[in-house]
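What follows is a single structure, written as structure tokens, with notes after it.
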Amino acid sequence: MKIAIASGKGGTGKTLVSTNLFNVISRQGQKVRLIDCDAEEPNVCEFIRGNVEEETLTMTHIPVIDSHKCTFCGNCQEYCSYNAIIMLPTIKTIRVIEDLCHDCGACVYACQYDAITEKEKVTGSITQYSISANADVLESQTEIGIYSPVPIIGQTINMAEADTLTFLDSPPGTSCPFIATVERADYVVLVTEPTPFGLNDLKLSVETLRKLKKEFGVVINRYGIGKELIEDYLNKEEIAVLGHIPFDKRIAETYAKGDLITDKYLQYSELFKKLHQNITKQLQR
Amino acid sequence: MTEIAILSGKGGTGKSGISAALATLAPKVVVADCDVDAANLHLILEPRNYLEKVYTSGQKAHIAVEKCTSCGKCMDYCRFDAIKLANGEYSVVETACDGCKLCARVCPTGAITMIDQNESRWFAGAIRNGKMVHARLAPGEDNSGKLVNLVRDHARKEAHDIQSDLILIDGPPGIGCPVISTLSSINKVLLVTEPTVSGMHDLKRITELVSQYKLEVFLVINKCDINPEMTEEIEKWAVGKQIPVISKIPFSQVWVEAMINCKSIVDWAPESELSDQIRAIWKKLIDNE
């Protein structure tokens, strides 16, 4: 079972929710895994510390063109949908722009002269941390300067085990990194805040999840700051509210230090246990 | 022409709020919202759009069942796991399809065609003191870097037309393709961070990316009082990196109220200390004082 914790807007509390849910569940002795899918800016391990069990490097393939075998026919350039091949036949030059390559393999297929082979390039890493006997964290992280985190996200989530309750801490936004995460989830928890920005981005996320035909519910964070605008919208759209996290300066202070509110305050430990129950109820429906 | 991008790595540190505040202070400006998949700045600046354009983000493959002979070649060649076989029928998983077209090329019966993804839009509009260019990437569509380039290029054109020598860019979170597109050929970057462990972590990653470009970099620490020790740590780190910390903004209820009412802080509470701080940022960032 995979549950993604997501939001359109950044900074609404995704990591707060995923790390604290993980914490209360692992303390109860249940087998649980948390995957940090925000490969551009992974933060889970700032809050949950464990021992590194295994680190795997992720790779992409980059074409290498042998200019001696190349006849400058231009087939590979034509087949490349990403403009990653530059060719100047008059001066017998052909080059691959590595940053633009999507590792699709079309150029290799296109070349009739066996002039294109592929090399591997490191794009990031997947690190497994053991937290307790029944709980672990997988962290995906891109190398600085890598354009797309999507392949790494996919590879990391593919390491999830079917029978383990797994939370996916999603990247922000509604484009490819977000899709790569939620499309692999069985259920999505959207975290929002009662501000106009929060509402605007929540609507975008809802639209996306409906298009993907995903089941989802909403957690309202910083509850109490705004007007009722979020709740009116959720009622109208008949979207399940899974829980409310109050606007409480202690939460911001605890989070700032890298601590977990479910370790520090009984009130929040209870709140997250209840949130877990509410999610479980939604899954049983 | 000065082009300034406001970036943070981590989401929710206050990029858009600060972008909006700086935008409302400018005598004349072109604002570009490059957070194309969760654009928000238009909620505050309320541009009156006079231009709406279709953006084709890419293509997705489609298999015509009646022409498919179920040879499976497309599935063998696809590196994105975007072809699935269910009940003896091959089809494309749209969310996984990268639009590379290889399946269409290998298909022996011509059963696969490529379909344009054209639900995304970009806009140009008038604001009180200039122009604004923004976009809406349709849910689930990719290639946001390309859309960022379009928004930025058009912002330059608008700036030329109205003879504005300032472009303010509200950047996307993260450090991937839309951020990299935002960074190319600008002059200055304002990093907005918060004193949290994740804010600090993400600040380091965005700084490493930004340092690959020759740019003037400035730093603002927002909500500086929620963790004074961390604020101090960030300041020390910034000294080492030779990045000037041009403002430390405390957490404030007034800021929250301005956001809830979709107002720039300098419009909502012009007399407040916060607004004075924004004016001080302006002087250092734009007037180079």
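Each chain of the structure tokens is named A, B, ... in the order shown, its residues numbered from 1; ligands are numbered from 1 in display order.
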Write out as a count of residues only all residues of segment 105-217 of chain A that DSSP puts in strand (DSSP E) for this structure's backbone. 38
At a cut-off of 7 Å, which residues of chain A touch chain B? Count only C-alpha atoms and give the answer as a PyMOL selection string. chain A and resi 8-12+40-41+43+46+81+104+106+144-148+173-176+179+195-197+201+204+207-208+226+252-253+255-258
Can you list, as a tab-separated table (two decimals) with C-alpha atoms, in the first residue's frame, every protein, DNA or RNA residue that comes within 10 Å of Pro149 of chain A when you count only C-alpha atoms, leaving out same-chain residues fewer than 3 positions away?
chain	number	residue	atom	x	y	z
A	37	CYS	CA	10.41	11.58	-3.58
A	38	ASP	CA	11.36	15.28	-3.57
A	39	ALA	CA	14.64	14.37	-5.26
A	40	GLU	CA	15.53	18.00	-6.02
A	123	THR	CA	22.15	11.41	-12.11
A	124	GLY	CA	21.68	10.95	-8.39
A	140	SER	CA	16.08	9.97	-3.59
A	141	GLN	CA	18.44	12.81	-4.48
A	142	THR	CA	19.48	14.32	-7.81
A	143	GLU	CA	22.98	15.57	-8.56
A	146	ILE	CA	20.43	17.47	-13.42
A	152	ILE	CA	15.13	8.74	-10.05
A	153	ILE	CA	11.70	9.15	-8.47
A	154	GLY	CA	10.41	6.19	-10.49
A	171	PRO	CA	7.72	17.05	-4.72
A	176	CYS	CA	6.21	15.78	-14.07
A	177	PRO	CA	7.92	15.20	-10.67
A	180	ALA	CA	5.79	10.59	-11.29
B	175	ILE	CA	16.60	23.01	-8.48
B	176	GLY	CA	15.51	21.15	-11.63
B	177	CYS	CA	14.65	22.12	-15.20
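Relative to atom CA of Phe123 of chain B, atom CA of Arg152 of chain B is found at 11.6 Å.
Non-sequential neighbours of Leu88 of chain A (distance at most 9 Å, separation of 6 or more positions within a chain, only C-alpha atoms) are A:Phe72, A:Ile94, A:Arg95.
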Selection from above, C-alpha atoms, as a PDB file, in the first residue's frame, can you write it?
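Output file part-v5.pdb follows:
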ATOM      1  CA  PHE A  72      26.662  12.484 -41.170  1.00  0.00           C
ATOM      2  CA  ILE A  94      28.520  15.946 -34.521  1.00  0.00           C
ATOM      3  CA  ARG A  95      27.863  16.465 -30.808  1.00  0.00           C
TER       4      ARG A  95
END
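Relative to atom CA of Val133 of chain B, atom CA of Ser184 of chain B is found at 17.4 Å.
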Selected residue, from A:Phe167, A:Ala115, A:Phe22, A:Asp136, that lies nearest to Val182 of chain A when counting only C-alpha atoms: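 That would be A:Phe167, the residue with the smallest distance to Val182 of chain A.
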Based on the backbone DSSP call, show me all residues of segment 78-146 of chain A assigned helix (DSSP H, G or I), as a list in words.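 Here are the helix (DSSP H, G or I) residues of segment 78-146 of chain A: Glu78, Tyr79, Pro89, Thr90, Ile91, Glu98, Asp99, Leu100, Ala106, Cys107, Val108, Tyr109 and Ala110 of chain A.
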Pull N, CA and C atoms from the residues just selected and write them as a PDB file, in the first residue's frame.
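What landed in result_2.pdb:
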ATOM      1  N   GLU A  78      17.438  13.672 -36.684  1.00  0.00           N
ATOM      2  CA  GLU A  78      16.026  13.738 -37.016  1.00  0.00           C
ATOM      3  C   GLU A  78      15.185  12.957 -36.000  1.00  0.00           C
ATOM      4  N   TYR A  79      15.722  11.813 -35.548  1.00  0.00           N
ATOM      5  CA  TYR A  79      14.977  10.984 -34.607  1.00  0.00           C
ATOM      6  C   TYR A  79      14.940  11.575 -33.197  1.00  0.00           C
ATOM      7  N   PRO A  89      27.737  18.990 -40.817  1.00  0.00           N
ATOM      8  CA  PRO A  89      28.382  18.058 -41.761  1.00  0.00           C
ATOM      9  C   PRO A  89      29.553  18.688 -42.504  1.00  0.00           C
ATOM     10  N   THR A  90      29.450  19.984 -42.810  1.00  0.00           N
ATOM     11  CA  THR A  90      30.518  20.623 -43.593  1.00  0.00           C
ATOM     12  C   THR A  90      31.867  20.556 -42.895  1.00  0.00           C
ATOM     13  N   ILE A  91      31.842  20.635 -41.569  1.00  0.00           N
ATOM     14  CA  ILE A  91      33.119  20.525 -40.856  1.00  0.00           C
ATOM     15  C   ILE A  91      33.230  19.191 -40.105  1.00  0.00           C
ATOM     16  N   GLU A  98      24.488  16.737 -23.596  1.00  0.00           N
ATOM     17  CA  GLU A  98      24.078  15.756 -22.582  1.00  0.00           C
ATOM     18  C   GLU A  98      22.881  16.203 -21.759  1.00  0.00           C
ATOM     19  N   ASP A  99      22.816  17.521 -21.427  1.00  0.00           N
ATOM     20  CA  ASP A  99      21.724  18.007 -20.588  1.00  0.00           C
ATOM     21  C   ASP A  99      20.352  17.877 -21.253  1.00  0.00           C
ATOM     22  N   LEU A 100      20.342  17.865 -22.570  1.00  0.00           N
ATOM     23  CA  LEU A 100      19.054  17.804 -23.264  1.00  0.00           C
ATOM     24  C   LEU A 100      18.596  16.364 -23.519  1.00  0.00           C
ATOM     25  N   ALA A 106      16.303   6.601 -29.137  1.00  0.00           N
ATOM     26  CA  ALA A 106      15.895   6.765 -30.535  1.00  0.00           C
ATOM     27  C   ALA A 106      17.098   6.916 -31.465  1.00  0.00           C
ATOM     28  N   CYS A 107      18.133   7.627 -31.026  1.00  0.00           N
ATOM     29  CA  CYS A 107      19.293   7.852 -31.895  1.00  0.00           C
ATOM     30  C   CYS A 107      20.030   6.545 -32.176  1.00  0.00           C
ATOM     31  N   VAL A 108      20.144   5.698 -31.153  1.00  0.00           N
ATOM     32  CA  VAL A 108      20.807   4.408 -31.327  1.00  0.00           C
ATOM     33  C   VAL A 108      20.042   3.582 -32.365  1.00  0.00           C
ATOM     34  N   TYR A 109      18.727   3.625 -32.252  1.00  0.00           N
ATOM     35  CA  TYR A 109      17.879   2.897 -33.205  1.00  0.00           C
ATOM     36  C   TYR A 109      18.026   3.480 -34.613  1.00  0.00           C
ATOM     37  N   ALA A 110      18.165   4.817 -34.674  1.00  0.00           N
ATOM     38  CA  ALA A 110      18.192   5.504 -35.970  1.00  0.00           C
ATOM     39  C   ALA A 110      19.474   5.226 -36.754  1.00  0.00           C
TER      40      ALA A 110
END
Please list as a VMD selection string every residue within 9 Å of segment 48-64 of chain A, counting only C-alpha atoms and excluding residues in the same chain fewer than 3 positions away. chain A and resid 19 23 44 to 45 95 to 96 98 101 to 105 107 to 108 115 to 132 136 to 137 142 151 to 152 155 258 to 260
Quick one, how far is atom CA of Ser19 of chain B from atom CA of His42 of chain B?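 Straight-line distance from atom CA of Ser19 of chain B to atom CA of His42 of chain B works out to 11.2 Å.
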Any idea what's packed within 12 Å of Asp248 of chain A, counting only C-alpha atoms, ignoring anything in its chain fewer than 5 positions away? Could you give it as a JSON list (two decimals) with all heavy atoms, in the first residue's frame?
[["chain", "number", "residue", "atom", "x", "y", "z"],
["A", 221, "ASN", "N", -3.55, 22.37, 6.96],
["A", 221, "ASN", "CA", -2.51, 22.79, 7.89],
["A", 221, "ASN", "C", -2.69, 24.28, 8.21],
["A", 221, "ASN", "O", -3.32, 25.00, 7.46],
["A", 221, "ASN", "CB", -1.14, 22.51, 7.26],
["A", 221, "ASN", "CG", 0.01, 22.68, 8.25],
["A", 221, "ASN", "OD1", -0.20, 22.70, 9.47],
["A", 221, "ASN", "ND2", 1.21, 22.80, 7.73],
["A", 222, "ARG", "N", -2.09, 24.73, 9.30],
["A", 222, "ARG", "CA", -2.20, 26.13, 9.75],
["A", 222, "ARG", "C", -3.67, 26.54, 9.83],
["A", 222, "ARG", "O", -4.05, 27.65, 9.45],
["A", 222, "ARG", "CB", -1.44, 27.07, 8.81],
["A", 222, "ARG", "CG", 0.01, 26.65, 8.69],
["A", 222, "ARG", "CD", 0.89, 27.67, 8.02],
["A", 222, "ARG", "NE", 2.22, 27.08, 7.90],
["A", 222, "ARG", "CZ", 2.81, 26.78, 6.75],
["A", 222, "ARG", "NH1", 2.24, 27.05, 5.60],
["A", 222, "ARG", "NH2", 4.00, 26.22, 6.74],
["A", 223, "TYR", "N", -4.48, 25.59, 10.31],
["A", 223, "TYR", "CA", -5.92, 25.83, 10.40],
["A", 223, "TYR", "C", -6.17, 26.95, 11.39],
["A", 223, "TYR", "O", -5.66, 26.93, 12.50],
["A", 223, "TYR", "CB", -6.61, 24.54, 10.84],
["A", 223, "TYR", "CG", -8.10, 24.59, 10.78],
["A", 223, "TYR", "CD1", -8.74, 24.75, 9.55],
["A", 223, "TYR", "CD2", -8.86, 24.47, 11.93],
["A", 223, "TYR", "CE1", -10.12, 24.78, 9.49],
["A", 223, "TYR", "CE2", -10.24, 24.50, 11.87],
["A", 223, "TYR", "CZ", -10.87, 24.67, 10.64],
["A", 223, "TYR", "OH", -12.23, 24.71, 10.58],
["A", 224, "GLY", "N", -6.95, 27.91, 10.98],
["A", 224, "GLY", "CA", -7.26, 29.02, 11.88],
["A", 224, "GLY", "C", -6.74, 30.36, 11.40],
["A", 224, "GLY", "O", -7.20, 31.38, 11.88],
["A", 225, "ILE", "N", -5.79, 30.36, 10.44],
["A", 225, "ILE", "CA", -5.30, 31.67, 10.01],
["A", 225, "ILE", "C", -6.26, 32.38, 9.06],
["A", 225, "ILE", "O", -6.44, 33.57, 9.13],
["A", 225, "ILE", "CB", -3.88, 31.66, 9.35],
["A", 225, "ILE", "CG1", -3.78, 30.67, 8.20],
["A", 225, "ILE", "CG2", -2.80, 31.46, 10.36],
["A", 225, "ILE", "CD1", -2.48, 30.81, 7.40],
["A", 253, "GLU", "N", 8.30, 26.27, 15.36],
["A", 253, "GLU", "CA", 9.57, 26.26, 16.09],
["A", 253, "GLU", "C", 10.16, 24.85, 16.16],
["A", 253, "GLU", "O", 11.37, 24.66, 16.02],
["A", 253, "GLU", "CB", 9.36, 26.83, 17.51],
["A", 253, "GLU", "CG", 9.21, 28.34, 17.48],
["A", 253, "GLU", "CD", 8.60, 28.92, 18.76],
["A", 253, "GLU", "OE1", 8.20, 28.13, 19.65],
["A", 253, "GLU", "OE2", 8.52, 30.16, 18.86],
["A", 254, "THR", "N", 9.28, 23.86, 16.37],
["A", 254, "THR", "CA", 9.75, 22.47, 16.46],
["A", 254, "THR", "C", 10.29, 22.02, 15.11],
["A", 254, "THR", "O", 11.37, 21.42, 15.00],
["A", 254, "THR", "CB", 8.59, 21.54, 16.90],
["A", 254, "THR", "OG1", 7.99, 22.09, 18.06],
["A", 254, "THR", "CG2", 9.08, 20.14, 17.19],
["A", 255, "TYR", "N", 9.53, 22.35, 14.07],
["A", 255, "TYR", "CA", 9.92, 21.99, 12.70],
["A", 255, "TYR", "C", 11.25, 22.65, 12.34],
["A", 255, "TYR", "O", 12.14, 22.01, 11.77],
["A", 255, "TYR", "CB", 8.81, 22.44, 11.74],
["A", 255, "TYR", "CG", 9.08, 22.11, 10.29],
["A", 255, "TYR", "CD1", 8.71, 20.87, 9.76],
["A", 255, "TYR", "CD2", 9.70, 23.03, 9.45],
["A", 255, "TYR", "CE1", 8.96, 20.56, 8.43],
["A", 255, "TYR", "CE2", 9.96, 22.72, 8.11],
["A", 255, "TYR", "CZ", 9.58, 21.50, 7.62],
["A", 255, "TYR", "OH", 9.84, 21.18, 6.30],
["A", 261, "ILE", "N", 6.91, 17.05, 16.02],
["A", 261, "ILE", "CA", 5.90, 17.49, 17.01],
["A", 261, "ILE", "C", 5.25, 16.29, 17.70],
["A", 261, "ILE", "O", 4.79, 16.40, 18.82],
["A", 261, "ILE", "CB", 4.81, 18.40, 16.37],
["A", 261, "ILE", "CG1", 4.20, 17.75, 15.12],
["A", 261, "ILE", "CG2", 5.39, 19.77, 16.04],
["A", 261, "ILE", "CD1", 2.98, 18.51, 14.60],
["A", 265, "TYR", "N", 4.96, 16.74, 21.69],
["A", 265, "TYR", "CA", 3.65, 17.09, 22.25],
["A", 265, "TYR", "C", 2.66, 15.94, 22.12],
["A", 265, "TYR", "O", 2.39, 15.48, 21.01],
["A", 265, "TYR", "CB", 3.09, 18.34, 21.55],
["A", 265, "TYR", "CG", 4.00, 19.53, 21.63],
["A", 265, "TYR", "CD1", 4.75, 19.92, 20.52],
["A", 265, "TYR", "CD2", 4.13, 20.25, 22.82],
["A", 265, "TYR", "CE1", 5.60, 21.01, 20.59],
["A", 265, "TYR", "CE2", 4.99, 21.33, 22.90],
["A", 265, "TYR", "CZ", 5.72, 21.71, 21.78],
["A", 265, "TYR", "OH", 6.57, 22.78, 21.86],
["A", 267, "GLN", "N", -0.47, 16.06, 22.46],
["A", 267, "GLN", "CA", -1.60, 16.56, 21.66],
["A", 267, "GLN", "C", -1.43, 16.21, 20.17],
["A", 267, "GLN", "O", -2.36, 15.77, 19.50],
["A", 267, "GLN", "CB", -1.64, 18.08, 21.87],
["A", 267, "GLN", "CG", -2.56, 18.88, 21.01],
["A", 267, "GLN", "CD", -2.18, 20.38, 21.04],
["A", 267, "GLN", "OE1", -1.25, 20.81, 21.76],
["A", 267, "GLN", "NE2", -2.90, 21.18, 20.28],
["A", 268, "TYR", "N", -0.21, 16.39, 19.66],
["A", 268, "TYR", "CA", 0.02, 16.15, 18.24],
["A", 268, "TYR", "C", 0.25, 14.67, 17.93],
["A", 268, "TYR", "O", -0.05, 14.21, 16.84],
["A", 268, "TYR", "CB", 1.16, 17.03, 17.72],
["A", 268, "TYR", "CG", 0.73, 18.48, 17.72],
["A", 268, "TYR", "CD1", 1.44, 19.47, 18.38],
["A", 268, "TYR", "CD2", -0.46, 18.84, 17.09],
["A", 268, "TYR", "CE1", 0.99, 20.78, 18.40],
["A", 268, "TYR", "CE2", -0.92, 20.14, 17.10],
["A", 268, "TYR", "CZ", -0.18, 21.11, 17.75],
["A", 268, "TYR", "OH", -0.65, 22.40, 17.76],
["B", 226, "ILE", "N", 11.79, 32.60, 14.11],
["B", 226, "ILE", "CA", 11.26, 31.30, 14.56],
["B", 226, "ILE", "C", 12.38, 30.37, 15.03],
["B", 226, "ILE", "O", 12.12, 29.40, 15.72],
["B", 226, "ILE", "CB", 10.37, 30.58, 13.50],
["B", 226, "ILE", "CG1", 11.13, 30.26, 12.22],
["B", 226, "ILE", "CG2", 9.08, 31.32, 13.22],
["B", 226, "ILE", "CD1", 10.35, 29.32, 11.29]]
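Residue nearest Gln277 of chain A, chosen from A:Lys264, A:Val24, A:Ile85, A:Lys236 and counting only C-alpha atoms: A:Val24.
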As an MDAnalysis selection string, please: the residues near Ile249 of chain B (cut-off 9 Å, only C-alpha atoms, same-chain neighbours under 4 positions excluded). chainID B and resid 220:225 274 277:278
Selected residues written out with all heavy atoms, as a PDB file, in the first residue's frame:
ATOM      1  N   VAL B 220      17.854  36.818   1.638  1.00  0.00           N
ATOM      2  CA  VAL B 220      16.933  37.326   2.655  1.00  0.00           C
ATOM      3  C   VAL B 220      16.544  36.152   3.542  1.00  0.00           C
ATOM      4  O   VAL B 220      16.233  35.077   3.042  1.00  0.00           O
ATOM      5  CB  VAL B 220      15.662  37.930   2.003  1.00  0.00           C
ATOM      6  CG1 VAL B 220      14.576  38.157   3.043  1.00  0.00           C
ATOM      7  CG2 VAL B 220      15.989  39.240   1.295  1.00  0.00           C
ATOM      8  N   ILE B 221      16.620  36.361   4.854  1.00  0.00           N
ATOM      9  CA  ILE B 221      16.165  35.316   5.769  1.00  0.00           C
ATOM     10  C   ILE B 221      14.780  35.727   6.271  1.00  0.00           C
ATOM     11  O   ILE B 221      14.629  36.707   6.994  1.00  0.00           O
ATOM     12  CB  ILE B 221      17.137  35.116   6.953  1.00  0.00           C
ATOM     13  CG1 ILE B 221      18.561  34.864   6.417  1.00  0.00           C
ATOM     14  CG2 ILE B 221      16.674  33.943   7.826  1.00  0.00           C
ATOM     15  CD1 ILE B 221      19.626  34.798   7.515  1.00  0.00           C
ATOM     16  N   ASN B 222      13.783  34.980   5.828  1.00  0.00           N
ATOM     17  CA  ASN B 222      12.406  35.287   6.199  1.00  0.00           C
ATOM     18  C   ASN B 222      12.050  34.505   7.470  1.00  0.00           C
ATOM     19  O   ASN B 222      12.640  33.459   7.721  1.00  0.00           O
ATOM     20  CB  ASN B 222      11.490  34.894   5.027  1.00  0.00           C
ATOM     21  CG  ASN B 222      10.113  35.522   5.141  1.00  0.00           C
ATOM     22  OD1 ASN B 222       9.878  36.403   5.979  1.00  0.00           O
ATOM     23  ND2 ASN B 222       9.193  35.093   4.298  1.00  0.00           N
ATOM     24  N   LYS B 223      11.089  34.987   8.221  1.00  0.00           N
ATOM     25  CA  LYS B 223      10.665  34.365   9.490  1.00  0.00           C
ATOM     26  C   LYS B 223      11.885  34.131  10.390  1.00  0.00           C
ATOM     27  O   LYS B 223      12.017  33.074  11.024  1.00  0.00           O
ATOM     28  CB  LYS B 223       9.955  33.027   9.237  1.00  0.00           C
ATOM     29  CG  LYS B 223       8.802  33.101   8.220  1.00  0.00           C
ATOM     30  CD  LYS B 223       8.307  31.703   7.862  1.00  0.00           C
ATOM     31  CE  LYS B 223       7.700  31.657   6.467  1.00  0.00           C
ATOM     32  NZ  LYS B 223       7.426  30.319   5.966  1.00  0.00           N
ATOM     33  N   CYS B 224      12.803  35.113  10.427  1.00  0.00           N
ATOM     34  CA  CYS B 224      14.098  34.917  11.089  1.00  0.00           C
ATOM     35  C   CYS B 224      13.986  34.614  12.578  1.00  0.00           C
ATOM     36  O   CYS B 224      14.881  34.024  13.165  1.00  0.00           O
ATOM     37  CB  CYS B 224      14.983  36.146  10.867  1.00  0.00           C
ATOM     38  SG  CYS B 224      14.319  37.638  11.630  1.00  0.00           S
ATOM     39  N   ASP B 225      12.865  34.999  13.207  1.00  0.00           N
ATOM     40  CA  ASP B 225      12.755  34.811  14.656  1.00  0.00           C
ATOM     41  C   ASP B 225      12.189  33.461  15.075  1.00  0.00           C
ATOM     42  O   ASP B 225      12.112  33.173  16.262  1.00  0.00           O
ATOM     43  CB  ASP B 225      11.919  35.949  15.273  1.00  0.00           C
ATOM     44  CG  ASP B 225      10.577  36.121  14.573  1.00  0.00           C
ATOM     45  OD1 ASP B 225      10.414  35.580  13.457  1.00  0.00           O
ATOM     46  OD2 ASP B 225       9.686  36.781  15.129  1.00  0.00           O
ATOM     47  N   LEU B 274       7.584  46.155   8.318  1.00  0.00           N
ATOM     48  CA  LEU B 274       7.838  45.197   7.242  1.00  0.00           C
ATOM     49  C   LEU B 274       8.007  45.893   5.900  1.00  0.00           C
ATOM     50  O   LEU B 274       8.909  45.571   5.127  1.00  0.00           O
ATOM     51  CB  LEU B 274       6.654  44.223   7.128  1.00  0.00           C
ATOM     52  CG  LEU B 274       6.651  42.996   8.017  1.00  0.00           C
ATOM     53  CD1 LEU B 274       5.407  42.183   7.757  1.00  0.00           C
ATOM     54  CD2 LEU B 274       7.890  42.154   7.758  1.00  0.00           C
ATOM     55  N   GLN B 277      11.206  47.446   5.611  1.00  0.00           N
ATOM     56  CA  GLN B 277      12.242  46.444   5.313  1.00  0.00           C
ATOM     57  C   GLN B 277      12.284  46.103   3.829  1.00  0.00           C
ATOM     58  O   GLN B 277      13.353  45.924   3.256  1.00  0.00           O
ATOM     59  CB  GLN B 277      11.987  45.179   6.128  1.00  0.00           C
ATOM     60  CG  GLN B 277      12.576  45.272   7.529  1.00  0.00           C
ATOM     61  CD  GLN B 277      12.565  43.926   8.210  1.00  0.00           C
ATOM     62  OE1 GLN B 277      11.506  43.420   8.548  1.00  0.00           O
ATOM     63  NE2 GLN B 277      13.732  43.348   8.421  1.00  0.00           N
ATOM     64  N   ILE B 278      11.089  46.007   3.240  1.00  0.00           N
ATOM     65  CA  ILE B 278      11.029  45.706   1.801  1.00  0.00           C
ATOM     66  C   ILE B 278      11.677  46.848   1.013  1.00  0.00           C
ATOM     67  O   ILE B 278      12.436  46.618   0.066  1.00  0.00           O
ATOM     68  CB  ILE B 278       9.564  45.499   1.338  1.00  0.00           C
ATOM     69  CG1 ILE B 278       8.934  44.294   2.039  1.00  0.00           C
ATOM     70  CG2 ILE B 278       9.484  45.364  -0.183  1.00  0.00           C
ATOM     71  CD1 ILE B 278       9.424  42.931   1.590  1.00  0.00           C
TER      72      ILE B 278
END
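For the residues A:Glu237, A:Asp36, A:Gln112, A:Thr181, ranking by smallest atom-to-atom distance to Leu138 of chain A using only C-alpha atoms places A:Asp36 first.
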